[in-house]
>>> print(open('input.pdb').read())   # PDB, C-alpha atoms and all ligand atoms
ATOM      1  CA  MET H 530      20.260 -29.185  26.620  1.00  0.00           C
ATOM      2  CA  GLY H 531      16.727 -27.931  27.353  1.00  0.00           C
ATOM      3  CA  LEU H 532      18.019 -26.029  30.388  1.00  0.00           C
ATOM      4  CA  GLU H 533      20.803 -24.592  28.264  1.00  0.00           C
ATOM      5  CA  ALA H 534      18.190 -23.376  25.736  1.00  0.00           C
ATOM      6  CA  LYS H 535      16.063 -21.895  28.530  1.00  0.00           C
ATOM      7  CA  LYS H 536      18.935 -19.591  29.565  1.00  0.00           C
ATOM      8  CA  TYR H 537      18.879 -17.968  26.126  1.00  0.00           C
ATOM      9  CA  MET H 538      15.078 -17.830  25.930  1.00  0.00           C
ATOM     10  CA  ASP H 539      14.799 -16.224  29.398  1.00  0.00           C
ATOM     11  CA  ASP H 540      17.062 -13.456  28.134  1.00  0.00           C
ATOM     12  CA  GLY H 541      14.934 -13.069  24.997  1.00  0.00           C
ATOM     13  CA  LEU H 542      17.764 -14.346  22.805  1.00  0.00           C
ATOM     14  CA  LEU H 543      17.636 -16.796  19.898  1.00  0.00           C
ATOM     15  CA  VAL H 544      18.793 -20.246  20.936  1.00  0.00           C
ATOM     16  CA  PRO H 545      22.055 -21.026  19.071  1.00  0.00           C
ATOM     17  CA  ASP H 546      21.939 -23.743  16.399  1.00  0.00           C
ATOM     18  CA  ASP H 547      24.250 -26.161  18.223  1.00  0.00           C
ATOM     19  CA  VAL H 548      21.972 -26.095  21.290  1.00  0.00           C
ATOM     20  CA  VAL H 549      18.829 -26.607  19.174  1.00  0.00           C
ATOM     21  CA  VAL H 550      20.415 -29.464  17.253  1.00  0.00           C
ATOM     22  CA  GLY H 551      21.628 -30.947  20.562  1.00  0.00           C
ATOM     23  CA  ILE H 552      18.017 -31.025  21.798  1.00  0.00           C
ATOM     24  CA  VAL H 553      16.912 -32.798  18.616  1.00  0.00           C
ATOM     25  CA  GLU H 554      19.817 -35.247  18.960  1.00  0.00           C
ATOM     26  CA  GLU H 555      18.836 -36.133  22.536  1.00  0.00           C
ATOM     27  CA  ARG H 556      15.179 -36.533  21.581  1.00  0.00           C
ATOM     28  CA  LEU H 557      15.888 -38.800  18.597  1.00  0.00           C
ATOM     29  CA  GLN H 558      17.710 -41.281  20.803  1.00  0.00           C
ATOM     30  CA  LYS H 559      14.578 -42.045  22.812  1.00  0.00           C
ATOM     31  CA  GLU H 560      12.762 -45.346  22.364  1.00  0.00           C
ATOM     32  CA  ASP H 561       9.728 -43.875  20.559  1.00  0.00           C
ATOM     33  CA  CYS H 562      11.874 -42.519  17.695  1.00  0.00           C
ATOM     34  CA  GLN H 563      13.507 -45.798  16.769  1.00  0.00           C
ATOM     35  CA  GLU H 564      10.733 -46.717  14.281  1.00  0.00           C
ATOM     36  CA  GLY H 565      10.725 -43.253  12.764  1.00  0.00           C
ATOM     37  CA  PHE H 566      10.173 -39.590  13.560  1.00  0.00           C
ATOM     38  CA  ILE H 567       8.739 -36.378  12.136  1.00  0.00           C
ATOM     39  CA  LEU H 568      10.357 -32.979  12.591  1.00  0.00           C
ATOM     40  CA  ASP H 569       7.879 -30.112  12.294  1.00  0.00           C
ATOM     41  CA  GLY H 570       9.161 -26.601  11.594  1.00  0.00           C
ATOM     42  CA  PHE H 571      12.791 -27.657  11.928  1.00  0.00           C
ATOM     43  CA  PRO H 572      15.377 -27.066  10.510  1.00  0.00           C
ATOM     44  CA  ARG H 573      14.748 -23.402   9.685  1.00  0.00           C
ATOM     45  CA  THR H 574      18.189 -22.374   8.443  1.00  0.00           C
ATOM     46  CA  LEU H 575      20.889 -23.862   6.224  1.00  0.00           C
ATOM     47  CA  ALA H 576      23.242 -24.023   9.222  1.00  0.00           C
ATOM     48  CA  GLN H 577      20.655 -26.064  11.144  1.00  0.00           C
ATOM     49  CA  ALA H 578      20.130 -28.340   8.133  1.00  0.00           C
ATOM     50  CA  GLU H 579      23.891 -29.002   7.879  1.00  0.00           C
ATOM     51  CA  ALA H 580      24.197 -29.641  11.622  1.00  0.00           C
ATOM     52  CA  LEU H 581      21.143 -31.923  11.538  1.00  0.00           C
ATOM     53  CA  LYS H 582      22.627 -33.907   8.663  1.00  0.00           C
ATOM     54  CA  LYS H 583      25.791 -34.559  10.679  1.00  0.00           C
ATOM     55  CA  VAL H 584      23.846 -35.668  13.751  1.00  0.00           C
ATOM     56  CA  LEU H 585      21.570 -37.951  11.704  1.00  0.00           C
ATOM     57  CA  GLY H 586      24.638 -39.422  10.011  1.00  0.00           C
ATOM     58  CA  VAL H 587      26.155 -40.316  13.391  1.00  0.00           C
ATOM     59  CA  LEU H 588      22.843 -41.794  14.614  1.00  0.00           C
ATOM     60  CA  ASP H 589      22.374 -43.593  11.261  1.00  0.00           C
ATOM     61  CA  MET H 590      18.843 -42.148  10.990  1.00  0.00           C
ATOM     62  CA  PRO H 591      18.838 -40.288   7.658  1.00  0.00           C
ATOM     63  CA  LEU H 592      15.852 -38.206   6.546  1.00  0.00           C
ATOM     64  CA  ASP H 593      13.610 -40.122   4.107  1.00  0.00           C
ATOM     65  CA  PHE H 594      11.936 -37.014   2.757  1.00  0.00           C
ATOM     66  CA  VAL H 595      11.133 -33.379   3.402  1.00  0.00           C
ATOM     67  CA  ILE H 596       7.681 -31.918   2.753  1.00  0.00           C
ATOM     68  CA  SER H 597       7.448 -28.305   1.677  1.00  0.00           C
ATOM     69  CA  LEU H 598       3.944 -26.838   2.016  1.00  0.00           C
ATOM     70  CA  GLY H 599       3.846 -24.019  -0.510  1.00  0.00           C
ATOM     71  CA  GLY H 600       1.726 -20.933   0.030  1.00  0.00           C
ATOM     72  CA  ASP H 601       0.991 -17.638  -1.613  1.00  0.00           C
ATOM     73  CA  ASN H 602       2.058 -14.725   0.640  1.00  0.00           C
ATOM     74  CA  LEU H 603      -1.089 -12.628   0.153  1.00  0.00           C
ATOM     75  CA  ALA H 604      -3.338 -15.583   0.927  1.00  0.00           C
ATOM     76  CA  LEU H 605      -1.207 -16.483   3.966  1.00  0.00           C
ATOM     77  CA  ILE H 606      -1.541 -12.928   5.277  1.00  0.00           C
ATOM     78  CA  GLU H 607      -5.313 -13.117   4.850  1.00  0.00           C
ATOM     79  CA  ARG H 608      -5.500 -16.486   6.599  1.00  0.00           C
ATOM     80  CA  LEU H 609      -3.279 -15.514   9.530  1.00  0.00           C
ATOM     81  CA  SER H 610      -4.389 -11.926  10.097  1.00  0.00           C
ATOM     82  CA  GLY H 611      -8.038 -13.057  10.242  1.00  0.00           C
ATOM     83  CA  ARG H 612      -7.426 -15.488  13.094  1.00  0.00           C
ATOM     84  CA  ARG H 613      -9.059 -14.733  16.436  1.00  0.00           C
ATOM     85  CA  THR H 614      -8.752 -16.642  19.694  1.00  0.00           C
ATOM     86  CA  CYS H 615     -11.108 -16.836  22.669  1.00  0.00           C
ATOM     87  CA  ARG H 616      -9.546 -15.355  25.786  1.00  0.00           C
ATOM     88  CA  GLU H 617     -11.494 -17.721  28.045  1.00  0.00           C
ATOM     89  CA  CYS H 618     -11.424 -21.157  26.394  1.00  0.00           C
ATOM     90  CA  GLY H 619      -8.821 -20.742  23.641  1.00  0.00           C
ATOM     91  CA  ARG H 620     -11.167 -21.717  20.778  1.00  0.00           C
ATOM     92  CA  GLY H 621      -9.982 -20.463  17.380  1.00  0.00           C
ATOM     93  CA  TYR H 622     -11.993 -18.499  14.785  1.00  0.00           C
ATOM     94  CA  HIS H 623     -11.419 -16.752  11.482  1.00  0.00           C
ATOM     95  CA  ILE H 624     -13.236 -13.499  10.778  1.00  0.00           C
ATOM     96  CA  ARG H 625     -13.893 -14.562   7.186  1.00  0.00           C
ATOM     97  CA  PHE H 626     -13.664 -18.349   6.964  1.00  0.00           C
ATOM     98  CA  ASP H 627     -15.018 -19.364  10.391  1.00  0.00           C
ATOM     99  CA  PRO H 628     -16.643 -16.345  12.067  1.00  0.00           C
ATOM    100  CA  PRO H 629     -18.387 -16.471  15.459  1.00  0.00           C
ATOM    101  CA  GLN H 630     -22.186 -15.976  15.504  1.00  0.00           C
ATOM    102  CA  VAL H 631     -21.822 -12.725  17.430  1.00  0.00           C
ATOM    103  CA  ASP H 632     -18.996 -10.409  16.412  1.00  0.00           C
ATOM    104  CA  GLY H 633     -16.064 -10.602  18.856  1.00  0.00           C
ATOM    105  CA  LYS H 634     -17.725 -13.220  21.105  1.00  0.00           C
ATOM    106  CA  CYS H 635     -16.959 -16.927  21.512  1.00  0.00           C
ATOM    107  CA  ASP H 636     -19.813 -19.285  20.453  1.00  0.00           C
ATOM    108  CA  SER H 637     -18.789 -21.816  23.110  1.00  0.00           C
ATOM    109  CA  CYS H 638     -18.382 -19.694  26.226  1.00  0.00           C
ATOM    110  CA  GLY H 639     -19.213 -16.071  25.362  1.00  0.00           C
ATOM    111  CA  GLY H 640     -15.597 -15.024  26.068  1.00  0.00           C
ATOM    112  CA  ALA H 641     -14.013 -12.081  24.256  1.00  0.00           C
ATOM    113  CA  LEU H 642     -12.037 -12.856  21.080  1.00  0.00           C
ATOM    114  CA  PHE H 643      -8.609 -11.335  20.580  1.00  0.00           C
ATOM    115  CA  GLN H 644      -5.849 -11.325  17.994  1.00  0.00           C
ATOM    116  CA  ARG H 645      -2.540 -12.909  19.023  1.00  0.00           C
ATOM    117  CA  ASP H 646       0.551 -10.717  18.525  1.00  0.00           C
ATOM    118  CA  ASP H 647       1.824 -13.420  16.152  1.00  0.00           C
ATOM    119  CA  ASP H 648      -1.205 -12.857  13.919  1.00  0.00           C
ATOM    120  CA  GLN H 649      -0.854  -9.061  13.538  1.00  0.00           C
ATOM    121  CA  GLU H 650      -0.245  -8.199   9.901  1.00  0.00           C
ATOM    122  CA  THR H 651       3.092  -6.420  10.548  1.00  0.00           C
ATOM    123  CA  THR H 652       4.350  -9.437  12.529  1.00  0.00           C
ATOM    124  CA  ILE H 653       3.207 -11.797   9.779  1.00  0.00           C
ATOM    125  CA  ARG H 654       5.092  -9.760   7.159  1.00  0.00           C
ATOM    126  CA  GLU H 655       8.217  -9.899   9.340  1.00  0.00           C
ATOM    127  CA  ARG H 656       7.857 -13.665   9.733  1.00  0.00           C
ATOM    128  CA  LEU H 657       7.427 -14.066   5.962  1.00  0.00           C
ATOM    129  CA  ASN H 658      10.573 -11.978   5.403  1.00  0.00           C
ATOM    130  CA  VAL H 659      12.576 -14.106   7.835  1.00  0.00           C
ATOM    131  CA  TYR H 660      11.192 -17.215   6.130  1.00  0.00           C
ATOM    132  CA  GLY H 661      12.178 -15.894   2.689  1.00  0.00           C
ATOM    133  CA  CYS H 662      15.744 -15.048   3.768  1.00  0.00           C
ATOM    134  CA  GLN H 663      16.566 -17.906   6.122  1.00  0.00           C
ATOM    135  CA  THR H 664      14.237 -20.842   5.515  1.00  0.00           C
ATOM    136  CA  ALA H 665      13.284 -20.738   1.813  1.00  0.00           C
ATOM    137  CA  PRO H 666      16.886 -21.659   0.760  1.00  0.00           C
ATOM    138  CA  LEU H 667      16.229 -25.078   2.361  1.00  0.00           C
ATOM    139  CA  ILE H 668      13.920 -25.878  -0.565  1.00  0.00           C
ATOM    140  CA  ASP H 669      16.891 -25.896  -2.964  1.00  0.00           C
ATOM    141  CA  TYR H 670      19.085 -27.610  -0.385  1.00  0.00           C
ATOM    142  CA  TYR H 671      16.715 -30.568  -0.027  1.00  0.00           C
ATOM    143  CA  LYS H 672      15.938 -30.591  -3.756  1.00  0.00           C
ATOM    144  CA  LYS H 673      19.650 -31.190  -4.340  1.00  0.00           C
ATOM    145  CA  GLU H 674      19.605 -33.921  -1.674  1.00  0.00           C
ATOM    146  CA  GLY H 675      16.852 -35.516  -3.775  1.00  0.00           C
ATOM    147  CA  ILE H 676      14.354 -35.846  -0.913  1.00  0.00           C
ATOM    148  CA  LEU H 677      12.080 -32.829  -1.407  1.00  0.00           C
ATOM    149  CA  VAL H 678       8.326 -33.321  -1.838  1.00  0.00           C
ATOM    150  CA  THR H 679       6.371 -30.148  -2.614  1.00  0.00           C
ATOM    151  CA  LEU H 680       2.676 -29.960  -1.740  1.00  0.00           C
ATOM    152  CA  ASN H 681       0.182 -27.168  -2.238  1.00  0.00           C
ATOM    153  CA  GLY H 682      -0.565 -25.758   1.199  1.00  0.00           C
ATOM    154  CA  MET H 683      -3.328 -23.499  -0.116  1.00  0.00           C
ATOM    155  CA  GLU H 684      -5.882 -26.276  -0.547  1.00  0.00           C
ATOM    156  CA  GLY H 685      -8.392 -27.012   2.215  1.00  0.00           C
ATOM    157  CA  ILE H 686      -7.195 -28.679   5.417  1.00  0.00           C
ATOM    158  CA  PRO H 687      -8.712 -32.150   4.560  1.00  0.00           C
ATOM    159  CA  GLN H 688      -7.095 -32.117   1.098  1.00  0.00           C
ATOM    160  CA  VAL H 689      -3.661 -31.024   2.405  1.00  0.00           C
ATOM    161  CA  TRP H 690      -3.838 -33.725   5.084  1.00  0.00           C
ATOM    162  CA  ALA H 691      -4.862 -36.382   2.516  1.00  0.00           C
ATOM    163  CA  ASN H 692      -1.885 -35.393   0.343  1.00  0.00           C
ATOM    164  CA  ILE H 693       0.520 -35.617   3.297  1.00  0.00           C
ATOM    165  CA  GLN H 694      -0.846 -39.049   4.211  1.00  0.00           C
ATOM    166  CA  LYS H 695      -0.311 -40.204   0.629  1.00  0.00           C
ATOM    167  CA  VAL H 696       3.352 -39.157   0.807  1.00  0.00           C
ATOM    168  CA  LEU H 697       3.778 -40.952   4.143  1.00  0.00           C
ATOM    169  CA  ASP H 698       2.172 -44.138   2.740  1.00  0.00           C
ATOM    170  CA  GLU H 699       4.386 -44.075  -0.342  1.00  0.00           C
ATOM    171  CA  HIS H 700       7.535 -43.825   1.789  1.00  0.00           C
ATOM    172  CA  GLN H 701       6.622 -46.483   4.295  1.00  0.00           C
ATOM    173  CA  GLY H 702       8.967 -49.400   4.832  1.00  0.00           C
TER     174      GLY H 702
HETATM  175 ZN    ZN H 801     -14.543 -19.463  24.445  1.00  0.00          ZN
END
>>> encode(input="input.pdb", output="structure tokens", more="lines below")
Ligand SMILES: [Zn+2]
Amino acid sequence: MGLEAKKYMDDGLLVPDDVVVGIVEERLQKEDCQEGFILDGFPRTLAQAEALKKVLGVLDMPLDFVISLGGDNLALIERLSGRRTCRECGRGYHIRFDPPQVDGKCDSCGGALFQRDDDQETTIRERLNVYGCQTAPLIDYYKKEGILVTLNGMEGIPQVWANIQKVLDEHQG
């Protein structure tokens, strides 16, 4: 299935849902998933969610819950567009929240900082649009399934992580 997906990716095409779901299906049958699993950033469309539900039904591994990390678009744009990465060592910075000591230079290795294409403001706006059209409908979908947990993703990293851990603890067993 991975090789199948690679064919599409090599041609710069989106991998079709049935191939993506096939990869997830294969992965979930491995030993280390038998006690539980976490899917991160998947599914991203209603079609994927429906296909996933079928696969999980067959495997008898239903989803216990879905966490939605909510964010305000303007704040997300500020967070993402301010990210900088060191070309040499890969260390991450933020021009406002975690700036380097010398503008444009890595504190660790002195390498030049650059902005990933993904973090350009126009790309971020496109990603937010795609999210709004294709992924946001999953919030209602999982609300109706009765397994949606909504957390505020705009709090600090330690607080968001603590809240996620609380949800995991509550659903254990
Ligand atoms: Zn560096």
>>> atom_distance(input="input.pdb", atom1="CA of Asn681 (chain H)", atom2="CA of Ile596 (chain H)")
10.2 Å
>>> atom_distance(input="input.pdb", atom1="CA of Gly640 (chain H)", atom2="CA of Arg654 (chain H)")
28.5 Å
>>> residues_near_ligand(input="input.pdb", ligand="ligand ZN 801 (chain H)", cutoff="9 Å", atoms="all atoms listed in the file", output="PDB file with C-alpha atoms, in the frame of the given file")
ATOM      1  CA  THR H 614      -8.752 -16.642  19.694  1.00  0.00           C
ATOM      2  CA  CYS H 615     -11.108 -16.836  22.669  1.00  0.00           C
ATOM      3  CA  ARG H 616      -9.546 -15.355  25.786  1.00  0.00           C
ATOM      4  CA  GLU H 617     -11.494 -17.721  28.045  1.00  0.00           C
ATOM      5  CA  CYS H 618     -11.424 -21.157  26.394  1.00  0.00           C
ATOM      6  CA  GLY H 619      -8.821 -20.742  23.641  1.00  0.00           C
ATOM      7  CA  ARG H 620     -11.167 -21.717  20.778  1.00  0.00           C
ATOM      8  CA  GLY H 621      -9.982 -20.463  17.380  1.00  0.00           C
ATOM      9  CA  LYS H 634     -17.725 -13.220  21.105  1.00  0.00           C
ATOM     10  CA  CYS H 635     -16.959 -16.927  21.512  1.00  0.00           C
ATOM     11  CA  ASP H 636     -19.813 -19.285  20.453  1.00  0.00           C
ATOM     12  CA  SER H 637     -18.789 -21.816  23.110  1.00  0.00           C
ATOM     13  CA  CYS H 638     -18.382 -19.694  26.226  1.00  0.00           C
ATOM     14  CA  GLY H 639     -19.213 -16.071  25.362  1.00  0.00           C
ATOM     15  CA  GLY H 640     -15.597 -15.024  26.068  1.00  0.00           C
ATOM     16  CA  ALA H 641     -14.013 -12.081  24.256  1.00  0.00           C
ATOM     17  CA  LEU H 642     -12.037 -12.856  21.080  1.00  0.00           C
TER      18      LEU H 642
END
>>> atom_distance(input="input.pdb", atom1="CA of Val584 (chain H)", atom2="CA of Glu554 (chain H)")
6.6 Å
>>> resolve_selection(input="input.pdb", expression="the PyMOL selection byres (((chain H and resi 548) around 10) and not hetatm)", output="list in words")
Met530, Gly531, Leu532, Glu533, Ala534, Tyr537, Val544, Pro545, Asp546, Asp547, Val549, Val550, Gly551, Ile552, Val553 and Glu554 of chain H
>>> closest_residue(input="input.pdb", among="H:Glu674, H:Glu684, H:Asp698, H:Asp539", to="Lys582 (chain H)", atoms="only C-alpha atoms")
H:Glu674
>>> closest_residue(input="input.pdb", among="H:Ser597, H:Asn658, H:Gln644, H:Thr574", to="Ser610 (chain H)", atoms="only C-alpha atoms")
H:Gln644
>>> axis_aligned_box(input="input.pdb", around="region 636-647 of chain H", padding_each_side="6 Å", output="JSON")
{"center_x": -9.0, "center_y": -16.3, "center_z": 21.2, "size_x": 33.6, "size_y": 23.1, "size_z": 22.1}
>>> resolve_selection(input="input.pdb", expression="the PyMOL selection byres (((chain H and resi 578) around 12) and not hetatm)", output="JSON, numbers by chain")
{"H": [546, 547, 549, 550, 553, 568, 570, 571, 572, 573, 574, 575, 576, 577, 579, 580, 581, 582, 583, 584, 585, 592, 595, 663, 664, 666, 667, 668, 669, 670, 671, 674]}
>>> resolve_selection(input="input.pdb", expression="the PyMOL selection byres (((chain H and resi 648) around 6) and not hetatm)", output="VMD selection string")
chain H and resid 609 to 610 645 to 647 649
>>> residues_around(input="input.pdb", residues="Gly611 (chain H)", least_positions_apart="6", cutoff="7 Å", atoms="only C-alpha atoms", output="number ranges by chain")
H: 623-625
>>> write_last_selection(input="input.pdb", atoms="C-alpha atoms", output="PDB file, in the coordinates of the input")
ATOM      1  CA  HIS H 623     -11.419 -16.752  11.482  1.00  0.00           C
ATOM      2  CA  ILE H 624     -13.236 -13.499  10.778  1.00  0.00           C
ATOM      3  CA  ARG H 625     -13.893 -14.562   7.186  1.00  0.00           C
TER       4      ARG H 625
END
>>> decode(input="input.pdb", residues="region 605-625 of chain H", atoms="N, CA and C atoms", output="tab-separated table (two decimals), in the first residue's frame")
chain	number	residue	atom	x	y	z
H	605	LEU	N	-3.40	31.68	14.56
H	605	LEU	CA	-2.68	30.58	13.90
H	605	LEU	C	-1.74	31.12	12.84
H	606	ILE	N	-2.22	32.13	12.09
H	606	ILE	CA	-1.37	32.73	11.05
H	606	ILE	C	-0.15	33.37	11.69
H	607	GLU	N	-0.36	34.06	12.82
H	607	GLU	CA	0.77	34.69	13.50
H	607	GLU	C	1.77	33.64	14.01
H	608	ARG	N	1.23	32.57	14.57
H	608	ARG	CA	2.12	31.51	15.10
H	608	ARG	C	2.92	30.87	13.98
H	609	LEU	N	2.23	30.51	12.89
H	609	LEU	CA	2.90	29.74	11.83
H	609	LEU	C	3.82	30.61	10.98
H	610	SER	N	3.36	31.84	10.66
H	610	SER	CA	4.16	32.66	9.74
H	610	SER	C	5.42	33.19	10.43
H	611	GLY	N	5.45	33.14	11.77
H	611	GLY	CA	6.63	33.60	12.50
H	611	GLY	C	7.67	32.51	12.71
H	612	ARG	N	7.35	31.30	12.28
H	612	ARG	CA	8.31	30.20	12.50
H	612	ARG	C	9.52	30.33	11.57
H	613	ARG	N	10.69	30.05	12.14
H	613	ARG	CA	11.93	30.02	11.35
H	613	ARG	C	12.68	28.74	11.73
H	614	THR	N	13.41	28.21	10.77
H	614	THR	CA	14.13	26.96	10.98
H	614	THR	C	15.59	27.15	10.60
H	615	CYS	N	16.49	26.53	11.38
H	615	CYS	CA	17.91	26.62	11.06
H	615	CYS	C	18.25	25.69	9.90
H	616	ARG	N	18.93	26.25	8.90
H	616	ARG	CA	19.29	25.47	7.73
H	616	ARG	C	20.30	24.37	8.05
H	617	GLU	N	21.13	24.62	9.08
H	617	GLU	CA	22.20	23.68	9.40
H	617	GLU	C	21.73	22.56	10.33
H	618	CYS	N	21.12	22.92	11.46
H	618	CYS	CA	20.81	21.90	12.47
H	618	CYS	C	19.31	21.64	12.63
H	619	GLY	N	18.47	22.43	11.96
H	619	GLY	CA	17.04	22.17	12.00
H	619	GLY	C	16.31	22.73	13.22
H	620	ARG	N	17.03	23.42	14.12
H	620	ARG	CA	16.39	23.97	15.31
H	620	ARG	C	15.31	24.99	14.92
H	621	GLY	N	14.19	24.98	15.67
H	621	GLY	CA	13.08	25.87	15.36
H	621	GLY	C	13.07	27.12	16.21
H	622	TYR	N	12.62	28.23	15.63
H	622	TYR	CA	12.49	29.52	16.35
H	622	TYR	C	11.16	30.15	15.99
H	623	HIS	N	10.82	31.20	16.74
H	623	HIS	CA	9.67	32.03	16.36
H	623	HIS	C	10.10	33.49	16.52
H	624	ILE	N	9.89	34.28	15.45
H	624	ILE	CA	10.43	35.65	15.48
H	624	ILE	C	9.86	36.46	16.65
H	625	ARG	N	8.66	36.10	17.14
H	625	ARG	CA	8.11	36.87	18.24
H	625	ARG	C	8.17	36.13	19.58
